[in-house]
$ cat structure07.pdb   # PDB, C-alpha atoms and all ligand atoms
ATOM      1  CA  MET A   1     -43.642  -4.257 -10.318
ATOM      2  CA  ASN A   2     -40.050  -5.255 -10.268
ATOM      3  CA  LEU A   3     -38.982  -5.420  -6.662
ATOM      4  CA  ARG A   4     -35.209  -5.685  -6.599
ATOM      5  CA  LEU A   5     -33.744  -6.626  -3.252
ATOM      6  CA  ALA A   6     -30.125  -6.644  -4.397
ATOM      7  CA  PRO A   7     -28.248  -5.009  -7.286
ATOM      8  CA  GLU A   8     -27.930  -6.951 -10.536
ATOM      9  CA  GLN A   9     -25.443  -9.800 -10.596
ATOM     10  CA  ALA A  10     -22.713  -8.839 -13.049
ATOM     11  CA  SER A  11     -19.532 -10.589 -11.962
ATOM     12  CA  ASN A  12     -18.184 -13.991 -10.987
ATOM     13  CA  PHE A  13     -18.436 -12.982  -7.321
ATOM     14  CA  ALA A  14     -22.070 -11.901  -7.419
ATOM     15  CA  LEU A  15     -23.702 -15.315  -7.034
ATOM     16  CA  PRO A  16     -21.470 -16.737  -4.266
ATOM     17  CA  TYR A  17     -21.680 -13.426  -2.442
ATOM     18  CA  ASP A  18     -25.475 -13.378  -2.651
ATOM     19  CA  ILE A  19     -25.704 -16.995  -1.501
ATOM     20  CA  LEU A  20     -23.610 -16.094   1.523
ATOM     21  CA  PHE A  21     -25.540 -12.911   2.239
ATOM     22  CA  ASN A  22     -28.967 -14.492   1.818
ATOM     23  CA  THR A  23     -28.052 -17.536   3.898
ATOM     24  CA  PHE A  24     -26.834 -15.307   6.725
ATOM     25  CA  THR A  25     -29.986 -13.236   6.537
ATOM     26  CA  ILE A  26     -32.323 -16.229   6.456
ATOM     27  CA  LEU A  27     -30.527 -17.988   9.309
ATOM     28  CA  SER A  28     -30.559 -14.838  11.439
ATOM     29  CA  VAL A  29     -34.267 -14.349  10.847
ATOM     30  CA  VAL A  30     -35.104 -18.023  11.481
ATOM     31  CA  PHE A  31     -33.133 -18.165  14.734
ATOM     32  CA  THR A  32     -34.542 -14.854  15.900
ATOM     33  CA  ILE A  33     -38.061 -16.163  15.325
ATOM     34  CA  ILE A  34     -37.327 -19.441  17.138
ATOM     35  CA  VAL A  35     -35.807 -17.676  20.144
ATOM     36  CA  PHE A  36     -38.555 -15.064  20.412
ATOM     37  CA  ALA A  37     -41.320 -17.657  19.932
ATOM     38  CA  MET A  38     -39.890 -19.716  22.785
ATOM     39  CA  ILE A  39     -39.504 -16.665  25.017
ATOM     40  CA  LEU A  40     -43.134 -15.677  24.439
ATOM     41  CA  PHE A  41     -44.316 -19.262  24.906
ATOM     42  CA  PHE A  42     -42.571 -19.769  28.247
ATOM     43  CA  VAL A  43     -43.285 -16.268  29.524
ATOM     44  CA  SER A  44     -46.921 -16.930  28.991
ATOM     45  CA  LYS A  45     -46.943 -20.551  30.158
ATOM     46  CA  TYR A  46     -45.112 -19.946  33.468
ATOM     47  CA  ARG A  47     -46.466 -16.480  34.181
ATOM     48  CA  ARG A  48     -47.111 -16.028  37.897
ATOM     49  CA  GLY A  49     -50.606 -17.143  38.661
ATOM     50  CA  ARG A  50     -50.815 -19.514  35.726
ATOM     51  CA  LYS A  51     -51.651 -23.088  36.565
ATOM     52  CA  ALA A  52     -48.582 -24.911  35.340
ATOM     53  CA  ASP A  53     -46.729 -27.953  36.603
ATOM     54  CA  ARG A  54     -43.748 -26.533  38.461
ATOM     55  CA  SER A  55     -42.625 -29.751  40.171
ATOM     56  CA  ASN A  56     -39.374 -31.369  39.041
ATOM     57  CA  PRO A  57     -37.849 -28.378  37.242
ATOM     58  CA  MET A  58     -35.331 -29.589  34.668
ATOM     59  CA  HIS A  59     -31.719 -28.672  35.476
ATOM     60  CA  HIS A  60     -29.788 -30.565  32.865
ATOM     61  CA  ASN A  61     -30.491 -32.461  29.657
ATOM     62  CA  THR A  62     -27.444 -33.487  27.679
ATOM     63  CA  ARG A  63     -29.371 -34.290  24.529
ATOM     64  CA  VAL A  64     -31.147 -30.941  24.405
ATOM     65  CA  GLU A  65     -27.895 -29.108  25.078
ATOM     66  CA  LEU A  66     -26.005 -30.989  22.397
ATOM     67  CA  ILE A  67     -28.697 -30.171  19.864
ATOM     68  CA  LEU A  68     -28.889 -26.511  20.914
ATOM     69  CA  LEU A  69     -25.121 -26.058  20.737
ATOM     70  CA  GLY A  70     -24.395 -28.499  17.944
ATOM     71  CA  ILE A  71     -26.698 -27.179  15.216
ATOM     72  CA  PRO A  72     -25.564 -23.536  15.415
ATOM     73  CA  THR A  73     -21.928 -24.667  15.658
ATOM     74  CA  LEU A  74     -22.200 -26.773  12.517
ATOM     75  CA  LEU A  75     -24.036 -24.027  10.659
ATOM     76  CA  GLY A  76     -21.447 -21.497  11.806
ATOM     77  CA  LEU A  77     -18.566 -23.685  10.638
ATOM     78  CA  ALA A  78     -20.207 -24.276   7.259
ATOM     79  CA  MET A  79     -20.659 -20.513   6.776
ATOM     80  CA  PHE A  80     -17.080 -19.974   7.874
ATOM     81  CA  ALA A  81     -15.775 -22.464   5.308
ATOM     82  CA  TYR A  82     -17.871 -20.999   2.510
ATOM     83  CA  SER A  83     -16.992 -17.386   3.279
ATOM     84  CA  THR A  84     -13.297 -18.254   3.638
ATOM     85  CA  LYS A  85     -13.369 -19.767   0.171
ATOM     86  CA  ILE A  86     -14.936 -16.592  -1.251
ATOM     87  CA  TYR A  87     -12.463 -14.434   0.605
ATOM     88  CA  VAL A  88      -9.463 -16.376  -0.683
ATOM     89  CA  ASP A  89     -10.845 -16.246  -4.245
ATOM     90  CA  MET A  90     -11.348 -12.495  -3.952
ATOM     91  CA  ARG A  91      -7.831 -11.879  -2.715
ATOM     92  CA  THR A  92      -6.116 -14.143  -5.277
ATOM     93  CA  VAL A  93      -5.730 -12.140  -8.467
ATOM     94  CA  PRO A  94      -5.448 -14.242 -11.649
ATOM     95  CA  GLU A  95      -2.234 -13.826 -13.608
ATOM     96  CA  ASP A  96      -3.966 -12.940 -16.874
ATOM     97  CA  ALA A  97      -6.060 -10.125 -15.399
ATOM     98  CA  TYR A  98      -6.368  -6.833 -17.279
ATOM     99  CA  GLU A  99      -4.913  -4.200 -14.963
ATOM    100  CA  VAL A 100      -6.252  -0.700 -14.430
ATOM    101  CA  PHE A 101      -4.854   1.807 -11.925
ATOM    102  CA  VAL A 102      -7.408   3.739  -9.933
ATOM    103  CA  ILE A 103      -6.635   6.933  -8.046
ATOM    104  CA  GLY A 104      -9.212   8.276  -5.627
ATOM    105  CA  LYS A 105      -9.218  11.960  -4.806
ATOM    106  CA  GLN A 106     -11.674  14.456  -3.452
ATOM    107  CA  TRP A 107     -14.092  13.928  -5.185
ATOM    108  CA  MET A 108     -13.545  11.757  -8.173
ATOM    109  CA  TRP A 109     -12.093   8.523  -9.470
ATOM    110  CA  HIS A 110      -9.260   8.710 -11.982
ATOM    111  CA  MET A 111      -8.496   5.597 -14.023
ATOM    112  CA  GLN A 112      -5.257   4.874 -15.868
ATOM    113  CA  HIS A 113      -5.146   2.037 -18.371
ATOM    114  CA  PRO A 114      -1.684   0.595 -19.078
ATOM    115  CA  ASN A 115      -1.963   1.613 -22.753
ATOM    116  CA  GLY A 116      -2.364   5.218 -21.652
ATOM    117  CA  ILE A 117      -6.125   5.662 -21.851
ATOM    118  CA  ARG A 118      -7.348   7.755 -18.940
ATOM    119  CA  GLU A 119     -10.869   8.154 -17.666
ATOM    120  CA  ASN A 120     -12.593  10.126 -14.950
ATOM    121  CA  ASN A 121     -15.482   8.535 -13.067
ATOM    122  CA  GLU A 122     -15.818   6.024 -15.884
ATOM    123  CA  LEU A 123     -14.205   2.671 -16.338
ATOM    124  CA  HIS A 124     -14.429   0.604 -19.499
ATOM    125  CA  VAL A 125     -13.563  -3.079 -19.258
ATOM    126  CA  PRO A 126     -13.965  -6.106 -21.520
ATOM    127  CA  LEU A 127     -16.587  -8.744 -20.833
ATOM    128  CA  GLY A 128     -15.451 -12.129 -19.572
ATOM    129  CA  GLN A 129     -11.852 -11.214 -18.790
ATOM    130  CA  PRO A 130     -10.614 -10.852 -15.204
ATOM    131  CA  VAL A 131      -9.982  -7.203 -14.301
ATOM    132  CA  LYS A 132      -7.460  -6.223 -11.661
ATOM    133  CA  LEU A 133      -7.664  -2.792 -10.070
ATOM    134  CA  THR A 134      -4.705  -1.323  -8.215
ATOM    135  CA  LEU A 135      -6.021   1.471  -6.036
ATOM    136  CA  ILE A 136      -4.497   4.374  -4.156
ATOM    137  CA  SER A 137      -5.763   7.641  -2.761
ATOM    138  CA  GLN A 138      -4.231  11.043  -3.263
ATOM    139  CA  ASP A 139      -5.756  12.557  -0.126
ATOM    140  CA  VAL A 140      -8.070  10.883   2.398
ATOM    141  CA  ILE A 141      -9.390   7.340   2.731
ATOM    142  CA  HIS A 142     -11.989   6.436   0.114
ATOM    143  CA  GLY A 143     -13.829   3.193  -0.594
ATOM    144  CA  PHE A 144     -14.089   1.857  -4.127
ATOM    145  CA  TYR A 145     -17.340  -0.013  -4.535
ATOM    146  CA  LEU A 146     -18.847  -1.776  -7.546
ATOM    147  CA  PRO A 147     -22.207  -2.982  -6.207
ATOM    148  CA  GLU A 148     -23.175  -5.077  -9.252
ATOM    149  CA  MET A 149     -19.774  -6.801  -9.151
ATOM    150  CA  ARG A 150     -20.044  -7.275  -5.368
ATOM    151  CA  VAL A 151     -16.529  -5.985  -4.815
ATOM    152  CA  GLN A 152     -15.367  -3.218  -2.561
ATOM    153  CA  TYR A 153     -12.030  -2.178  -1.132
ATOM    154  CA  GLN A 154     -10.533   0.631   0.873
ATOM    155  CA  VAL A 155      -8.521   3.176  -1.074
ATOM    156  CA  VAL A 156      -5.857   4.469   1.269
ATOM    157  CA  PRO A 157      -3.323   7.298   0.862
ATOM    158  CA  GLY A 158       0.256   6.048   0.601
ATOM    159  CA  ARG A 159      -0.591   2.425  -0.024
ATOM    160  CA  TYR A 160      -1.551   0.348  -3.044
ATOM    161  CA  THR A 161      -4.491  -1.959  -2.500
ATOM    162  CA  LYS A 162      -6.037  -4.218  -5.089
ATOM    163  CA  LEU A 163      -9.194  -6.012  -6.003
ATOM    164  CA  TRP A 164     -10.320  -8.097  -8.948
ATOM    165  CA  PHE A 165     -13.457  -9.488 -10.542
ATOM    166  CA  LYS A 166     -14.555 -11.018 -13.813
ATOM    167  CA  PRO A 167     -17.472  -9.186 -15.463
ATOM    168  CA  THR A 168     -20.107 -11.656 -16.595
ATOM    169  CA  LYS A 169     -22.673  -9.257 -18.025
ATOM    170  CA  ALA A 170     -22.304  -6.453 -20.547
ATOM    171  CA  GLY A 171     -23.816  -3.106 -19.622
ATOM    172  CA  ARG A 172     -23.439  -0.044 -17.481
ATOM    173  CA  PHE A 173     -23.047  -0.463 -13.717
ATOM    174  CA  HIS A 174     -22.336   1.769 -10.746
ATOM    175  CA  ILE A 175     -19.147   2.985  -9.135
ATOM    176  CA  TRP A 176     -19.453   4.457  -5.660
ATOM    177  CA  CYS A 177     -17.279   5.773  -2.867
ATOM    178  CA  THR A 178     -18.282   4.094   0.389
ATOM    179  CA  ILE A 179     -16.353   6.192   2.859
ATOM    180  CA  HIS A 180     -17.533   9.608   3.873
ATOM    181  CA  CYS A 181     -14.636  11.596   2.487
ATOM    182  CA  GLY A 182     -15.773  15.215   2.603
ATOM    183  CA  THR A 183     -18.528  17.559   1.498
ATOM    184  CA  GLN A 184     -18.971  16.175  -2.008
ATOM    185  CA  HIS A 185     -18.593  12.533  -1.051
ATOM    186  CA  SER A 186     -22.061  11.767  -2.382
ATOM    187  CA  GLU A 187     -20.977  12.873  -5.860
ATOM    188  CA  MET A 188     -17.950  10.628  -5.881
ATOM    189  CA  GLY A 189     -19.294   8.011  -8.206
ATOM    190  CA  GLY A 190     -19.590   7.046 -11.807
ATOM    191  CA  TYR A 191     -20.129   4.127 -14.109
ATOM    192  CA  ILE A 192     -18.318   1.022 -15.165
ATOM    193  CA  TYR A 193     -19.024  -0.058 -18.747
ATOM    194  CA  VAL A 194     -18.645  -3.745 -19.460
ATOM    195  CA  MET A 195     -18.230  -4.149 -23.212
ATOM    196  CA  GLU A 196     -18.467  -7.074 -25.619
ATOM    197  CA  PRO A 197     -14.946  -8.010 -26.805
ATOM    198  CA  LYS A 198     -15.552  -6.562 -30.281
ATOM    199  CA  GLN A 199     -16.838  -3.225 -28.976
ATOM    200  CA  TRP A 200     -14.008  -3.198 -26.471
ATOM    201  CA  ALA A 201     -11.399  -3.638 -29.187
ATOM    202  CA  GLU A 202     -12.951  -0.721 -31.092
ATOM    203  CA  TRP A 203     -13.026   1.395 -27.984
ATOM    204  CA  VAL A 204      -9.350   0.735 -27.295
ATOM    205  CA  ALA A 205      -8.430   1.391 -30.942
ATOM    206  CA  ASN A 206     -10.236   4.721 -30.677
ATOM    207  CA  ASP A 207      -8.134   5.523 -27.619
ATOM    208  CA  GLY A 208     -11.236   5.318 -25.532
ATOM    209  CA  ASN A 209     -12.143   8.827 -26.425
ATOM    210  CA  ARG A 210     -11.883  10.058 -29.948
ATOM    211  CA  PHE A 211     -11.770  13.693 -28.856
ATOM    212  CA  ARG A 212      -8.366  13.362 -27.296
ATOM    213  CA  PRO A 213      -4.979  13.014 -28.963
ATOM    214  CA  ARG A 214      -3.509   9.552 -29.128
ATOM    215  CA  ALA A 215      -2.532   8.423 -25.683
ATOM    216  CA  THR A 216       1.001   7.503 -24.790
ATOM    217  CA  THR A 217       1.308   4.358 -22.722
ATOM    218  CA  LEU A 218       1.806   4.767 -18.990
ATOM    219  CA  ALA A 219       5.402   3.595 -19.354
ATOM    220  CA  GLN A 220       6.072   6.179 -22.086
ATOM    221  CA  ALA A 221       4.554   8.918 -19.954
ATOM    222  CA  GLY A 222       6.734   7.692 -17.096
ATOM    223  CA  GLU A 223       9.838   7.846 -19.250
ATOM    224  CA  GLN A 224       8.972  11.443 -20.084
ATOM    225  CA  ARG A 225       8.687  12.328 -16.384
ATOM    226  CA  PHE A 226      11.891  10.448 -15.643
ATOM    227  CA  LYS A 227      13.649  12.722 -18.136
ATOM    228  CA  GLU A 228      12.002  15.925 -16.959
ATOM    229  CA  LEU A 229      12.895  15.233 -13.332
ATOM    230  CA  ALA A 230      16.430  14.207 -14.357
ATOM    231  CA  CYS A 231      16.272  10.918 -12.461
ATOM    232  CA  GLY A 232      18.662   9.539 -15.070
ATOM    233  CA  THR A 233      21.569  11.637 -13.818
ATOM    234  CA  CYS A 234      21.873   9.190 -10.918
ATOM    235  CA  HIS A 235      20.018   6.101 -12.140
ATOM    236  CA  GLY A 236      21.627   4.692 -15.238
ATOM    237  CA  GLU A 237      22.135   1.374 -16.969
ATOM    238  CA  LYS A 238      24.437   0.163 -14.217
ATOM    239  CA  ASP A 239      24.793   0.748 -10.516
ATOM    240  CA  SER A 240      27.021   3.742  -9.913
ATOM    241  CA  PRO A 241      28.186   5.803  -6.951
ATOM    242  CA  GLN A 242      25.395   8.277  -7.810
ATOM    243  CA  GLY A 243      22.665   5.705  -7.480
ATOM    244  CA  PRO A 244      21.590   2.131  -8.134
ATOM    245  CA  SER A 245      20.327   1.079 -11.555
ATOM    246  CA  LEU A 246      16.564   0.700 -11.605
ATOM    247  CA  LYS A 247      16.605  -2.147 -14.113
ATOM    248  CA  GLY A 248      14.761  -5.228 -12.978
ATOM    249  CA  LEU A 249      13.953  -3.529  -9.658
ATOM    250  CA  LEU A 250      10.502  -5.096  -9.189
ATOM    251  CA  GLY A 251      10.888  -8.371  -7.346
ATOM    252  CA  LYS A 252      14.575  -7.792  -6.531
ATOM    253  CA  GLU A 253      15.799  -8.163  -2.969
ATOM    254  CA  ARG A 254      16.998  -4.888  -1.444
ATOM    255  CA  VAL A 255      19.296  -4.531   1.541
ATOM    256  CA  PHE A 256      19.226  -1.348   3.599
ATOM    257  CA  THR A 257      21.802   0.510   5.671
ATOM    258  CA  ASP A 258      20.327  -0.885   8.884
ATOM    259  CA  GLY A 259      20.727  -4.429   7.556
ATOM    260  CA  SER A 260      17.012  -5.036   7.005
ATOM    261  CA  ARG A 261      15.848  -6.451   3.687
ATOM    262  CA  THR A 262      12.797  -6.397   1.527
ATOM    263  CA  VAL A 263      11.724  -7.641  -1.874
ATOM    264  CA  ALA A 264      10.938  -4.609  -4.023
ATOM    265  CA  ASP A 265       7.229  -4.416  -4.832
ATOM    266  CA  GLU A 266       5.260  -1.500  -6.238
ATOM    267  CA  GLY A 267       4.698  -0.089  -2.770
ATOM    268  CA  TYR A 268       8.445  -0.089  -2.116
ATOM    269  CA  ILE A 269       9.224   1.641  -5.420
ATOM    270  CA  ARG A 270       6.601   4.262  -4.662
ATOM    271  CA  GLU A 271       8.110   4.886  -1.230
ATOM    272  CA  SER A 272      11.620   5.104  -2.711
ATOM    273  CA  ILE A 273      10.509   7.876  -5.038
ATOM    274  CA  ILE A 274       8.652  10.182  -2.676
ATOM    275  CA  ASN A 275      10.272   9.240   0.622
ATOM    276  CA  PRO A 276      13.759   8.087  -0.379
ATOM    277  CA  TYR A 277      15.319   8.187   3.091
ATOM    278  CA  ALA A 278      12.697   5.994   4.743
ATOM    279  CA  ARG A 279      14.833   2.982   3.834
ATOM    280  CA  LEU A 280      18.281   3.792   2.462
ATOM    281  CA  ASN A 281      19.918   1.273   0.183
ATOM    282  CA  ALA A 282      23.094  -0.106   1.750
ATOM    283  CA  GLY A 283      26.127   1.655   0.343
ATOM    284  CA  TYR A 284      24.348   4.946  -0.341
ATOM    285  CA  GLY A 285      23.724   8.131   1.596
ATOM    286  CA  GLU A 286      20.917  10.614   1.708
ATOM    287  CA  THR A 287      21.669  12.076  -1.705
ATOM    288  CA  MET A 288      18.524  11.423  -3.704
ATOM    289  CA  PRO A 289      16.506  14.636  -3.899
ATOM    290  CA  VAL A 290      13.183  14.661  -2.126
ATOM    291  CA  TYR A 291      10.578  15.380  -4.764
ATOM    292  CA  VAL A 292       7.701  17.462  -3.543
ATOM    293  CA  TYR A 293       4.763  15.152  -3.655
ATOM    294  CA  LYS A 294       1.746  16.581  -5.522
ATOM    295  CA  GLU A 295       3.804  19.481  -6.916
ATOM    296  CA  GLN A 296       6.530  17.602  -8.723
ATOM    297  CA  ILE A 297       4.998  14.133  -8.741
ATOM    298  CA  SER A 298       1.349  13.249  -8.219
ATOM    299  CA  GLU A 299      -0.007   9.745  -7.681
ATOM    300  CA  GLU A 300      -0.595   9.604 -11.440
ATOM    301  CA  GLY A 301       3.029  10.518 -12.060
ATOM    302  CA  ILE A 302       4.307   7.971  -9.558
ATOM    303  CA  ARG A 303       2.190   5.320 -11.267
ATOM    304  CA  GLU A 304       3.675   6.246 -14.643
ATOM    305  CA  ILE A 305       7.244   6.195 -13.351
ATOM    306  CA  ILE A 306       6.659   2.773 -11.753
ATOM    307  CA  GLU A 307       5.355   1.461 -15.080
ATOM    308  CA  TYR A 308       8.425   2.907 -16.767
ATOM    309  CA  ILE A 309      10.766   1.260 -14.244
ATOM    310  CA  LYS A 310       8.898  -2.025 -14.764
ATOM    311  CA  SER A 311       9.309  -1.658 -18.524
ATOM    312  CA  LEU A 312      13.097  -1.410 -18.131
ATOM    313  CA  GLY A 313      12.947  -5.150 -17.566
ATOM    314  CA  GLY A 314      16.021  -7.300 -17.046
ATOM    315  CA  ALA A 315      18.254  -7.012 -14.026
ATOM    316  CA  ALA A 316      21.181  -4.623 -14.126
ATOM    317  CA  PRO A 317      24.324  -6.173 -15.596
ATOM    318  CA  THR A 318      26.266  -5.701 -12.369
ATOM    319  CA  ALA A 319      24.850  -6.578  -8.975
ATOM    320  CA  SER A 320      24.008  -3.647  -6.730
ATOM    321  CA  PRO A 321      26.623  -2.849  -4.074
ATOM    322  CA  ALA A 322      24.311  -4.367  -1.498
ATOM    323  CA  THR A 323      24.262  -7.763  -3.158
ATOM    324  CA  THR A 324      27.846  -7.823  -4.416
ATOM    325  CA  PRO A 325      29.360 -10.981  -2.988
ATOM    326  CA  THR A 326      32.080  -9.988  -0.570
ATOM    327  CA  GLY A 327      33.388 -13.504  -0.258
ATOM    328  CA  ALA A 328      33.072 -13.270   3.498
ATOM    329  CA  ASN A 329      29.650 -14.825   3.652
ATOM    330  CA  GLN A 330      30.050 -17.443   0.938
TER
HETATM  331 CU    CU A 401     -14.432   9.244  -1.459
END

$ encode --input "structure07.pdb" --output "structure tokens" --more "lines below"
Ligand SMILES: [Cu+2]
Amino acid sequence: MNLRLAPEQASNFALPYDILFNTFTILSVVFTIIVFAMILFFVSKYRRGRKADRSNPMHHNTRVELILLGIPTLLGLAMFAYSTKIYVDMRTVPEDAYEVFVIGKQWMWHMQHPNGIRENNELHVPLGQPVKLTLISQDVIHGFYLPEMRVQYQVVPGRYTKLWFKPTKAGRFHIWCTIHCGTQHSEMGGYIYVMEPKQWAEWVANDGNRFRPRATTLAQAGEQRFKELACGTCHGEKDSPQGPSLKGLLGKERVFTDGSRTVADEGYIRESIINPYARLNAGYGETMPVYVYKEQISEEGIREIIEYIKSLGGAAPTASPATTPTGANQ
């Protein structure tokens, strides 16, 4: 019989995670046994009526106390150091990671590959290459969990979260939702397929699914939406009175009417599209139309538009009004 206590180990995080988990479990069990054994021993030894030496009760013993406090402290610190290392590794996404966008909604997972391949409740990734997932929810809070990869992260409406892992074993593994998100929560799962590089290349060449027409990349789909929603009437090549240019927006510093600043990240771009007045760019008024989220633009659409804006590359030729040097503060 094959008694499996933990899911298969299929990513770079599986082994360190299991070492941490098993060490915690073993230490908890060992200390519980020690404590309960001593309780039982002394309860029985000094039970009323038992003949035991009760003269000179011990009140203080520095050596015993140092040992009793010292060992757990050292063990605790060692576990802290080890788990901190794992945590930092998990939250530091490698630059060369293959990125997939994951949208959680009641009750399914929708995946968008940058090249335009889309999947539902399935995720195909190449073996041996780091995979970065950028996650967002379209409705309630979900939890994206890959047990064999030992990674899990909350998928929250209105906010991009991310996780990464490097698959180390080819095969089919589970995807689950770990947060009770409604009546069909238990069906919110699927499979991740880790493929050998050769198979993976074929899969991508086949557009992931040979029954569908050739996919457009996310950026191309975003460009299409940008045209349909007429964003270009205000956002052109250069900053204009109608609106700032969106070229080179990612990573650019923005200054708002209240004087606060931020560096534009994907979360900021997302907010600017569906909630444009939350932070108004200095020099502009409340003129950008408010697009009706889910009717005009879904999370998928926002993702595509962001990829399109990112693909515009290069900063706008003229600085935005907010960053135009006035001379006063030089
Ligand atoms: Cu869910």

$ residues_around --input "structure07.pdb" --residues "A:Ser245" --least-positions-apart "2" --cutoff "7 Å" --atoms "all atoms listed in the file" --output "PDB file with C-alpha atoms, in the coordinates of the input"
ATOM      1  CA  HIS A 235      20.018   6.101 -12.140  1.00  0.00           C
ATOM      2  CA  GLY A 236      21.627   4.692 -15.238  1.00  0.00           C
ATOM      3  CA  GLU A 237      22.135   1.374 -16.969  1.00  0.00           C
ATOM      4  CA  LYS A 238      24.437   0.163 -14.217  1.00  0.00           C
ATOM      5  CA  ASP A 239      24.793   0.748 -10.516  1.00  0.00           C
ATOM      6  CA  GLY A 243      22.665   5.705  -7.480  1.00  0.00           C
ATOM      7  CA  LYS A 247      16.605  -2.147 -14.113  1.00  0.00           C
ATOM      8  CA  ALA A 316      21.181  -4.623 -14.126  1.00  0.00           C
TER       9      ALA A 316
END

$ closest_residue --input "structure07.pdb" --among "A:Gly116, A:Gly189, A:Pro57, A:Gly222" --to "ligand CU 401 (chain A)" --atoms "only C-alpha atoms and all ligand atoms"
A:Gly189

$ closest_residue --input "structure07.pdb" --among "A:Gly314, A:Gly143, A:Gly158, A:Gly171" --to "A:Ile273" --atoms "only C-alpha atoms"
A:Gly158

$ residues_around --input "structure07.pdb" --residues "A:Met188" --least-positions-apart "3" --cutoff "7 Å" --atoms "all atoms listed in the file" --output "JSON list (two decimals) with C-alpha atoms, in the coordinates of the input"
[["chain", "number", "residue", "atom", "x", "y", "z"],
["A", 107, "TRP", "CA", -14.09, 13.93, -5.18],
["A", 108, "MET", "CA", -13.54, 11.76, -8.17],
["A", 176, "TRP", "CA", -19.45, 4.46, -5.66],
["A", 177, "CYS", "CA", -17.28, 5.77, -2.87],
["A", 184, "GLN", "CA", -18.97, 16.18, -2.01],
["A", 185, "HIS", "CA", -18.59, 12.53, -1.05]]

$ residues_near_ligand --input "structure07.pdb" --ligand "ligand CU 401 (chain A)" --cutoff "12 Å" --atoms "only C-alpha atoms and all ligand atoms" --output "PyMOL selection string"
chain A and resi 103-110+121+136-145+153-157+175-190

$ closest_residue --input "structure07.pdb" --among "A:Glu148, A:Glu266, A:Asp96, A:Asp89" --to "A:Tyr308" --atoms "all atoms listed in the file"
A:Glu266

$ atom_distance --input "structure07.pdb" --atom1 "atom CA of A:Glu228" --atom2 "atom CA of A:Gly251"
26.2 Å

$ residues_around --input "structure07.pdb" --residues "A:Pro197" --least-positions-apart "4" --cutoff "7 Å" --atoms "all atoms listed in the file" --output "PyMOL selection string"
chain A and resi 126-127+201
